[in-house]
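Notes follow the structure.
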Amino acid sequence: MRPNKEVELGGDITEHQVLSNGTKLNVLELAPENRDKASIVMLHGLRDSAHGLLPVALHLAQDFHVLLPELRGHGNSDASDAYGVFDFVQDLHEVIDGLAAQNVALFGHSLGGHIVSKYAAIFPQRIAAIAIVEGLGPPHRAQEDNEAAEVQALGFMILNRLRRQPGKSRPIQDPEDAANRLVRNNPRLNPATAAELAPHLLKATDTGYAWAFDSRASSVFVGASRANDAKFWRNIKAPTCVISGSLSYEYWGREMGDEAYDGRFAPGEMEQRIDEFQDCVHHWFEGSGHMVHYDEPQRLAQQCYDFFTNKIAH
């Protein structure tokens, strides 16, 4: 379907709205004049924003048409009562169907990587190439070998991810306060970039501001498993570029909430995942953690530009 709204944001960025089963999705568009070459659809990760990917998108827009949806439950897209991974896959399909060219490539960071890998496996005839950035999940955890412990962990995840959670941090005073928090959580993020990004991550409240993120969206990972992910990786036919941050252990160590878990990949573990793909190159970014587009945006932009230029037939 075609979008039902089009707004010029300035800086050659246009904003659209696309409906997906009644959920309004906000989509940024760059370089529509390149639509006859190929469209690259870029998906951000959990608790992030499409605007965070703009340093990469602007580089790609030199030669490609670029679309950046805000995931449901994020930014100016609607919140929802449905956050299963295939709800996100359906959203991606509606964006591609409504706005993309016939020639389509995908980029996904973190949760966005999970979504685009599943889409590329399910609809292989539509996808010319795919870049996955920090989107193959965390390193192996001991409980994955213990079926009983894994089932018990699901109870915790259900209670903490399926229900809307009240804000646990102190109220955000203003965008400057939000930018300062972004830099504290992501010390390699350029402060000027944080200041530009912060307003897009916020919504106004009666007491100031809150993050523009529905906490229930994290329920997408309830019941997820590496074995299930690998089934989709094996069925991606498009050439794939996987990019990993060597410092991502900082993020995974905090995110998983287990003091005994250091968040590091075992020797050969990432290579085993890469081997699941039919046609895949892998790059470690030594100066990046999980948020590669924050830490090394120019390097990421050039790597993706070179890959897509080489793999997408014009």
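Labels used: A, B, ... for chains in the order of the structure tokens, numbers from 1 for residues in each chain, and numbers from 1 for ligands as shown.
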Residues near A:Leu92, cut-off 12 Å, only C-alpha atoms, skip fewer than 5 positions along chain, as a PyMOL selection string: chain A and resi 18-21+25-27+40-44+67-72+85-87+97-100+104-108+112-120+123
Could you write out the selected residues, including N, CA and C atoms, as a CSV table (one decimal), in the first residue's frame?
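Result file follows (result-v6.csv):
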chain,number,residue,atom,x,y,z
A,18,VAL,N,3.1,4.7,7.1
A,18,VAL,CA,2.6,3.4,6.4
A,18,VAL,C,1.9,2.7,7.5
A,19,LEU,N,0.7,2.1,7.1
A,19,LEU,CA,-0.1,1.3,8.0
A,19,LEU,C,0.3,-0.2,7.9
A,20,SER,N,0.4,-0.8,9.0
A,20,SER,CA,0.6,-2.3,9.0
A,20,SER,C,-0.4,-2.9,10.0
A,21,ASN,N,-1.4,-3.5,9.5
A,21,ASN,CA,-2.4,-4.1,10.3
A,21,ASN,C,-2.9,-3.1,11.3
A,25,LEU,N,3.3,3.3,11.1
A,25,LEU,CA,4.7,3.3,11.1
A,25,LEU,C,5.2,4.6,10.5
A,26,ASN,N,6.2,5.2,11.2
A,26,ASN,CA,6.8,6.4,10.7
A,26,ASN,C,8.1,6.0,9.9
A,27,VAL,N,8.2,6.5,8.7
A,27,VAL,CA,9.3,6.1,7.9
A,27,VAL,C,10.0,7.3,7.3
A,40,ILE,N,17.5,0.7,-0.2
A,40,ILE,CA,18.0,0.0,1.0
A,40,ILE,C,17.1,0.4,2.2
A,41,VAL,N,16.5,-0.6,2.8
A,41,VAL,CA,15.7,-0.4,4.0
A,41,VAL,C,16.5,-0.7,5.2
A,42,MET,N,16.5,0.3,6.1
A,42,MET,CA,17.4,0.2,7.3
A,42,MET,C,16.6,0.1,8.6
A,43,LEU,N,16.8,-0.9,9.4
A,43,LEU,CA,16.0,-1.0,10.6
A,43,LEU,C,16.9,-0.9,11.8
A,44,HIS,N,16.5,0.0,12.7
A,44,HIS,CA,17.3,0.2,14.0
A,44,HIS,C,17.0,-0.8,15.0
A,67,LEU,N,15.3,4.0,2.9
A,67,LEU,CA,14.1,4.1,3.8
A,67,LEU,C,14.5,3.6,5.2
A,68,LEU,N,14.1,4.4,6.2
A,68,LEU,CA,14.4,4.1,7.6
A,68,LEU,C,13.1,4.1,8.4
A,69,PRO,N,12.5,3.0,8.6
A,69,PRO,CA,11.3,2.9,9.4
A,69,PRO,C,11.6,3.0,10.9
A,70,GLU,N,10.8,3.7,11.7
A,70,GLU,CA,10.8,3.6,13.1
A,70,GLU,C,10.0,2.3,13.5
A,71,LEU,N,10.6,1.4,14.3
A,71,LEU,CA,9.9,0.2,14.6
A,71,LEU,C,8.7,0.5,15.5
A,72,ARG,N,7.7,-0.3,15.4
A,72,ARG,CA,6.5,-0.2,16.2
A,72,ARG,C,6.9,0.0,17.7
A,85,VAL,N,8.1,-11.2,16.8
A,85,VAL,CA,9.1,-10.9,15.8
A,85,VAL,C,8.4,-10.9,14.4
A,86,PHE,N,7.4,-11.7,14.2
A,86,PHE,CA,6.7,-11.7,12.9
A,86,PHE,C,5.8,-10.5,12.7
A,87,ASP,N,5.4,-9.8,13.8
A,87,ASP,CA,4.7,-8.6,13.7
A,87,ASP,C,5.7,-7.5,13.1
A,97,ASP,N,6.6,-3.0,0.5
A,97,ASP,CA,5.5,-3.0,-0.5
A,97,ASP,C,5.0,-1.6,-0.9
A,98,GLY,N,5.1,-0.7,0.1
A,98,GLY,CA,4.5,0.6,-0.1
A,98,GLY,C,5.5,1.7,-0.6
A,99,LEU,N,6.8,1.5,-0.3
A,99,LEU,CA,7.7,2.6,-0.6
A,99,LEU,C,9.0,2.2,-1.4
A,100,ALA,N,9.3,0.9,-1.4
A,100,ALA,CA,10.6,0.5,-2.0
A,100,ALA,C,10.5,0.2,-3.5
A,104,VAL,N,15.7,-4.4,-3.9
A,104,VAL,CA,15.7,-4.1,-2.5
A,104,VAL,C,16.9,-4.8,-1.7
A,105,ALA,N,17.6,-4.0,-0.9
A,105,ALA,CA,18.6,-4.5,0.0
A,105,ALA,C,18.2,-4.1,1.4
A,106,LEU,N,18.7,-4.9,2.4
A,106,LEU,CA,18.3,-4.6,3.8
A,106,LEU,C,19.5,-4.4,4.7
A,107,PHE,N,19.3,-3.6,5.7
A,107,PHE,CA,20.3,-3.3,6.7
A,107,PHE,C,19.6,-3.4,8.1
A,108,GLY,N,20.2,-4.1,9.0
A,108,GLY,CA,19.5,-4.2,10.3
A,108,GLY,C,20.6,-4.2,11.4
A,112,GLY,N,16.9,-5.0,14.7
A,112,GLY,CA,16.7,-4.8,13.3
A,112,GLY,C,17.4,-5.9,12.5
A,113,GLY,N,18.5,-6.4,12.9
A,113,GLY,CA,19.2,-7.5,12.3
A,113,GLY,C,18.4,-8.8,12.4
A,114,HIS,N,17.8,-9.0,13.5
A,114,HIS,CA,17.0,-10.2,13.6
A,114,HIS,C,15.8,-10.2,12.7
A,115,ILE,N,15.2,-9.0,12.5
A,115,ILE,CA,14.0,-8.8,11.7
A,115,ILE,C,14.4,-9.0,10.2
A,116,VAL,N,15.5,-8.3,9.7
A,116,VAL,CA,15.8,-8.4,8.3
A,116,VAL,C,16.3,-9.8,7.9
A,117,SER,N,17.0,-10.5,8.9
A,117,SER,CA,17.5,-11.9,8.5
A,117,SER,C,16.3,-12.8,8.3
A,118,LYS,N,15.2,-12.6,9.1
A,118,LYS,CA,14.0,-13.5,8.9
A,118,LYS,C,13.3,-13.1,7.7
A,119,TYR,N,13.2,-11.8,7.4
A,119,TYR,CA,12.5,-11.4,6.1
A,119,TYR,C,13.3,-11.9,4.9
A,120,ALA,N,14.6,-11.8,4.9
A,120,ALA,CA,15.4,-12.2,3.8
A,120,ALA,C,15.3,-13.8,3.5
A,123,PHE,N,11.4,-14.3,2.3
A,123,PHE,CA,11.1,-13.7,0.9
A,123,PHE,C,12.5,-13.6,0.2
Polymer residues at most 12 Å from A:Leu46, only C-alpha atoms, same-chain spacing of 5 or more positions, as a PDB file with C-alpha atoms, in the first residue's frame:
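Result written to selection-v1.pdb:
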ATOM      1  CA  GLY A  52      20.494   7.180  14.879  1.00  0.00           C
ATOM      2  CA  GLU A  70      10.834   3.563  13.120  1.00  0.00           C
ATOM      3  CA  LEU A  71       9.911   0.206  14.639  1.00  0.00           C
ATOM      4  CA  ARG A  72       6.484  -0.166  16.221  1.00  0.00           C
ATOM      5  CA  GLY A  73       6.651   1.070  19.812  1.00  0.00           C
ATOM      6  CA  HIS A  74       9.468   3.502  18.974  1.00  0.00           C
ATOM      7  CA  GLY A  75       9.627   7.203  18.156  1.00  0.00           C
ATOM      8  CA  TYR A  83       5.418  -7.311  19.529  1.00  0.00           C
ATOM      9  CA  PHE A  88       7.947  -6.675  12.949  1.00  0.00           C
ATOM     10  CA  GLY A 108      19.546  -4.168  10.335  1.00  0.00           C
ATOM     11  CA  HIS A 109      21.170  -3.309  13.648  1.00  0.00           C
ATOM     12  CA  SER A 110      20.563  -5.536  16.698  1.00  0.00           C
ATOM     13  CA  LEU A 111      16.785  -6.233  16.773  1.00  0.00           C
ATOM     14  CA  GLY A 112      16.690  -4.799  13.257  1.00  0.00           C
ATOM     15  CA  GLY A 113      19.205  -7.480  12.276  1.00  0.00           C
ATOM     16  CA  HIS A 114      16.958 -10.223  13.646  1.00  0.00           C
ATOM     17  CA  ILE A 115      14.041  -8.837  11.656  1.00  0.00           C
ATOM     18  CA  GLU A 134      25.415  -6.792  15.845  1.00  0.00           C
ATOM     19  CA  GLY A 135      22.309  -8.769  14.925  1.00  0.00           C
ATOM     20  CA  LEU A 201      14.322   9.542  21.377  1.00  0.00           C
ATOM     21  CA  TRP A 211      12.049   7.876  26.354  1.00  0.00           C
ATOM     22  CA  ALA A 212       9.832   7.337  23.291  1.00  0.00           C
ATOM     23  CA  PHE A 213       9.879   3.583  23.663  1.00  0.00           C
ATOM     24  CA  ASP A 214       7.199   1.087  24.702  1.00  0.00           C
ATOM     25  CA  SER A 215       8.892  -1.233  27.201  1.00  0.00           C
ATOM     26  CA  ARG A 216       6.716  -4.119  25.969  1.00  0.00           C
ATOM     27  CA  ALA A 217       8.619  -4.102  22.661  1.00  0.00           C
ATOM     28  CA  SER A 218      11.428  -6.004  24.384  1.00  0.00           C
ATOM     29  CA  SER A 219       9.038  -8.973  24.612  1.00  0.00           C
ATOM     30  CA  VAL A 220      10.075  -9.743  21.028  1.00  0.00           C
ATOM     31  CA  PHE A 221      12.934 -11.814  22.470  1.00  0.00           C
ATOM     32  CA  GLU A 255      22.132  -6.426  29.366  1.00  0.00           C
ATOM     33  CA  HIS A 290      27.170  -3.068  20.377  1.00  0.00           C
ATOM     34  CA  MET A 291      26.204   0.388  19.058  1.00  0.00           C
TER      35      MET A 291
END
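Across stretch 108-314 of chain A, DSSP run on the backbone finds strand (DSSP E) at A:Gly108, A:His109, A:Ile127, A:Ala128, A:Ala129, A:Ile130, A:Ala131, A:Ile132, A:Val133, A:Leu202, A:Lys203, A:Ala204, A:Thr205, A:Gly208, A:Tyr209, A:Ala210, A:Trp211, A:Thr240, A:Cys241, A:Val242, A:Ile243, A:Ser244, A:Gly245, A:Cys280, A:Val281, A:His282, A:His283, A:Trp284, A:Phe285.
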Residue contacts of A:Gln298 (12 Å, only C-alpha atoms) excluding same-chain residues fewer than 2 positions away, as a list in words: Leu53, Leu54, Pro55, Val56, Ala57, Leu58, His59, Leu60, Phe285, Gly287, Ser288, Val292, His293, Tyr294, Asp295, Glu296, Leu300, Ala301, Gln302, Gln303, Cys304 and Tyr305 of chain A
Output the selection as an mmCIF file, in the first residue's frame - N, CA and C atoms for each residue.
data_model
loop_
_atom_site.group_PDB
_atom_site.id
_atom_site.type_symbol
_atom_site.label_atom_id
_atom_site.label_comp_id
_atom_site.auth_asym_id
_atom_site.auth_seq_id
_atom_site.Cartn_x
_atom_site.Cartn_y
_atom_site.Cartn_z
ATOM 1 N N LEU A 53 20.578 6.083 12.718
ATOM 2 C CA LEU A 53 21.244 5.462 11.569
ATOM 3 C C LEU A 53 21.539 6.456 10.453
ATOM 4 N N LEU A 54 21.173 7.717 10.625
ATOM 5 C CA LEU A 54 21.343 8.689 9.544
ATOM 6 C C LEU A 54 22.792 8.878 9.095
ATOM 7 N N PRO A 55 23.792 8.839 9.974
ATOM 8 C CA PRO A 55 25.162 8.969 9.468
ATOM 9 C C PRO A 55 25.514 7.900 8.428
ATOM 10 N N VAL A 56 24.992 6.700 8.602
ATOM 11 C CA VAL A 56 25.205 5.640 7.625
ATOM 12 C C VAL A 56 24.300 5.853 6.419
ATOM 13 N N ALA A 57 23.037 6.177 6.673
ATOM 14 C CA ALA A 57 22.056 6.334 5.597
ATOM 15 C C ALA A 57 22.438 7.448 4.629
ATOM 16 N N LEU A 58 22.939 8.555 5.149
ATOM 17 C CA LEU A 58 23.301 9.678 4.288
ATOM 18 C C LEU A 58 24.436 9.298 3.335
ATOM 19 N N HIS A 59 25.334 8.454 3.797
ATOM 20 C CA HIS A 59 26.423 7.994 2.930
ATOM 21 C C HIS A 59 25.874 7.076 1.839
ATOM 22 N N LEU A 60 24.992 6.167 2.228
ATOM 23 C CA LEU A 60 24.391 5.253 1.256
ATOM 24 C C LEU A 60 23.540 5.997 0.238
ATOM 25 N N PHE A 285 34.795 -4.891 14.130
ATOM 26 C CA PHE A 285 35.166 -3.482 14.287
ATOM 27 C C PHE A 285 35.771 -3.328 15.678
ATOM 28 N N GLY A 287 37.019 -0.876 17.318
ATOM 29 C CA GLY A 287 36.709 0.296 18.133
ATOM 30 C C GLY A 287 35.252 0.439 18.497
ATOM 31 N N SER A 288 34.470 -0.614 18.274
ATOM 32 C CA SER A 288 33.026 -0.530 18.492
ATOM 33 C C SER A 288 32.549 -1.524 19.536
ATOM 34 N N VAL A 292 27.478 0.034 17.044
ATOM 35 C CA VAL A 292 28.520 0.309 16.059
ATOM 36 C C VAL A 292 28.272 1.639 15.350
ATOM 37 N N HIS A 293 27.016 1.949 15.060
ATOM 38 C CA HIS A 293 26.693 3.195 14.350
ATOM 39 C C HIS A 293 26.910 4.425 15.220
ATOM 40 N N TYR A 294 27.022 4.254 16.530
ATOM 41 C CA TYR A 294 27.420 5.340 17.425
ATOM 42 C C TYR A 294 28.941 5.458 17.491
ATOM 43 N N ASP A 295 29.603 4.294 17.530
ATOM 44 C CA ASP A 295 31.032 4.262 17.843
ATOM 45 C C ASP A 295 31.928 4.524 16.635
ATOM 46 N N GLU A 296 31.598 3.940 15.490
ATOM 47 C CA GLU A 296 32.412 4.109 14.281
ATOM 48 C C GLU A 296 31.496 4.332 13.078
ATOM 49 N N LEU A 300 31.542 2.310 9.445
ATOM 50 C CA LEU A 300 30.384 1.472 9.146
ATOM 51 C C LEU A 300 29.732 1.900 7.837
ATOM 52 N N ALA A 301 29.587 3.205 7.653
ATOM 53 C CA ALA A 301 28.972 3.715 6.428
ATOM 54 C C ALA A 301 29.766 3.287 5.204
ATOM 55 N N GLN A 302 31.092 3.400 5.264
ATOM 56 C CA GLN A 302 31.918 3.049 4.104
ATOM 57 C C GLN A 302 31.885 1.545 3.847
ATOM 58 N N GLN A 303 31.917 0.755 4.927
ATOM 59 C CA GLN A 303 31.876 -0.700 4.763
ATOM 60 C C GLN A 303 30.575 -1.134 4.087
ATOM 61 N N CYS A 304 29.464 -0.561 4.535
ATOM 62 C CA CYS A 304 28.171 -0.924 3.952
ATOM 63 C C CYS A 304 28.047 -0.398 2.527
ATOM 64 N N TYR A 305 28.534 0.802 2.291
ATOM 65 C CA TYR A 305 28.486 1.356 0.935
ATOM 66 C C TYR A 305 29.258 0.470 -0.035
#
Length of the atom CA of A:Tyr261 to atom CA of A:Arg141 vector [Å]: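 Separation of atom CA of A:Tyr261 and atom CA of A:Arg141: 7.3 Å.
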Residues near A:Ser225, cut-off 10 Å, only C-alpha atoms, skip fewer than 4 positions along chain, as a ChimeraX atom specification: /A:137,144,221,229-230
DSSP-assigned helix (DSSP H, G or I) among stretch 70-230 of chain A, expressed as a PyMOL selection string: chain A and resi 85-99+111-122+124-126+142-145+147-161+175-185+191-201+215-221+226-230
Residues within 9 Å of A:Gly263, only C-alpha atoms, excluding chain neighbours under 4 positions, as JSON, numbers by chain: {"A": [138, 139, 140, 141, 248, 249, 250, 251, 252, 253, 254, 255, 256]}
Output C-alpha atoms for every residue in that selection, as a PDB file, in the first residue's frame.
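selection22.pdb was written with the following content:
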ATOM      1  CA  PRO A 138      24.515 -12.414  22.505  1.00  0.00           C
ATOM      2  CA  PRO A 139      27.322 -14.865  23.188  1.00  0.00           C
ATOM      3  CA  HIS A 140      26.393 -18.333  24.419  1.00  0.00           C
ATOM      4  CA  ARG A 141      25.085 -18.520  27.978  1.00  0.00           C
ATOM      5  CA  SER A 248      30.201  -5.599  22.504  1.00  0.00           C
ATOM      6  CA  TYR A 249      30.921  -7.590  25.684  1.00  0.00           C
ATOM      7  CA  GLU A 250      30.430  -4.283  27.540  1.00  0.00           C
ATOM      8  CA  TYR A 251      26.794  -4.242  26.415  1.00  0.00           C
ATOM      9  CA  TRP A 252      26.027  -7.943  26.755  1.00  0.00           C
ATOM     10  CA  GLY A 253      27.552  -8.121  30.214  1.00  0.00           C
ATOM     11  CA  ARG A 254      25.148  -5.399  31.408  1.00  0.00           C
ATOM     12  CA  GLU A 255      22.132  -6.426  29.366  1.00  0.00           C
ATOM     13  CA  MET A 256      21.850 -10.045  30.471  1.00  0.00           C
TER      14      MET A 256
END
Test item: residues at most 12 Å from A:Pro171, only C-alpha atoms, excluding those fewer than 6 positions along its chain, as a ChimeraX atom specification: /A:177-178,181,202-211
Hey, can you spit out that residue selection with N, CA and C atoms as a tab-separated table (two decimals), in the first residue's frame?
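Written out: result-v5.tsv:
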chain	number	residue	atom	x	y	z
A	177	ASP	N	19.57	16.90	29.00
A	177	ASP	CA	19.71	15.84	29.99
A	177	ASP	C	19.73	14.48	29.31
A	178	ALA	N	18.85	14.27	28.32
A	178	ALA	CA	18.81	13.00	27.60
A	178	ALA	C	20.12	12.76	26.84
A	181	ARG	N	22.79	11.60	29.15
A	181	ARG	CA	22.62	10.20	29.52
A	181	ARG	C	23.08	9.27	28.39
A	202	LEU	N	12.75	11.04	22.48
A	202	LEU	CA	11.96	11.52	23.61
A	202	LEU	C	10.51	11.76	23.25
A	203	LYS	N	9.66	11.71	24.28
A	203	LYS	CA	8.28	12.17	24.18
A	203	LYS	C	7.99	13.03	25.40
A	204	ALA	N	7.17	14.06	25.22
A	204	ALA	CA	6.84	14.96	26.32
A	204	ALA	C	5.86	14.29	27.28
A	205	THR	N	6.03	14.56	28.58
A	205	THR	CA	5.11	14.07	29.61
A	205	THR	C	4.71	15.25	30.49
A	206	ASP	N	3.85	14.99	31.46
A	206	ASP	CA	3.40	16.04	32.38
A	206	ASP	C	4.54	16.53	33.27
A	207	THR	N	5.55	15.69	33.47
A	207	THR	CA	6.64	16.05	34.37
A	207	THR	C	7.95	16.36	33.65
A	208	GLY	N	7.91	16.37	32.34
A	208	GLY	CA	9.13	16.64	31.58
A	208	GLY	C	9.17	15.80	30.32
A	209	TYR	N	10.06	14.83	30.29
A	209	TYR	CA	10.21	13.97	29.13
A	209	TYR	C	10.41	12.52	29.56
A	210	ALA	N	10.10	11.61	28.64
A	210	ALA	CA	10.38	10.19	28.83
A	210	ALA	C	10.91	9.65	27.51
A	211	TRP	N	11.58	8.50	27.58
A	211	TRP	CA	12.05	7.88	26.35
A	211	TRP	C	10.86	7.44	25.51
Write out, as CSV, each residue of stretch 280-301 of chain A that has an atom at most 12 Å from stretch 269-273 of chain A, together with the closest pair of atoms and their distance in Å to one decimal, counting only C-alpha atoms, rows going by chain and rising number.
residue,atom,partner,partner_atom,distance
A:Cys280,CA,A:Arg273,CA,10.3
A:Val281,CA,A:Glu271,CA,10.3
A:His282,CA,A:Glu271,CA,8.5
A:His283,CA,A:Met270,CA,10.6
A:Trp284,CA,A:Met270,CA,10.1
Between atom CA of A:Val95 and atom CA of A:Glu276, distance in Å (one decimal):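 Atom CA of A:Glu276 lies at a distance of 27.8 Å from atom CA of A:Val95.
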Interatomic distance (Å, one decimal) between atom CA of A:Glu147 and atom CA of A:Ala227: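 That distance, rounded to one decimal, is 13.3 Å.
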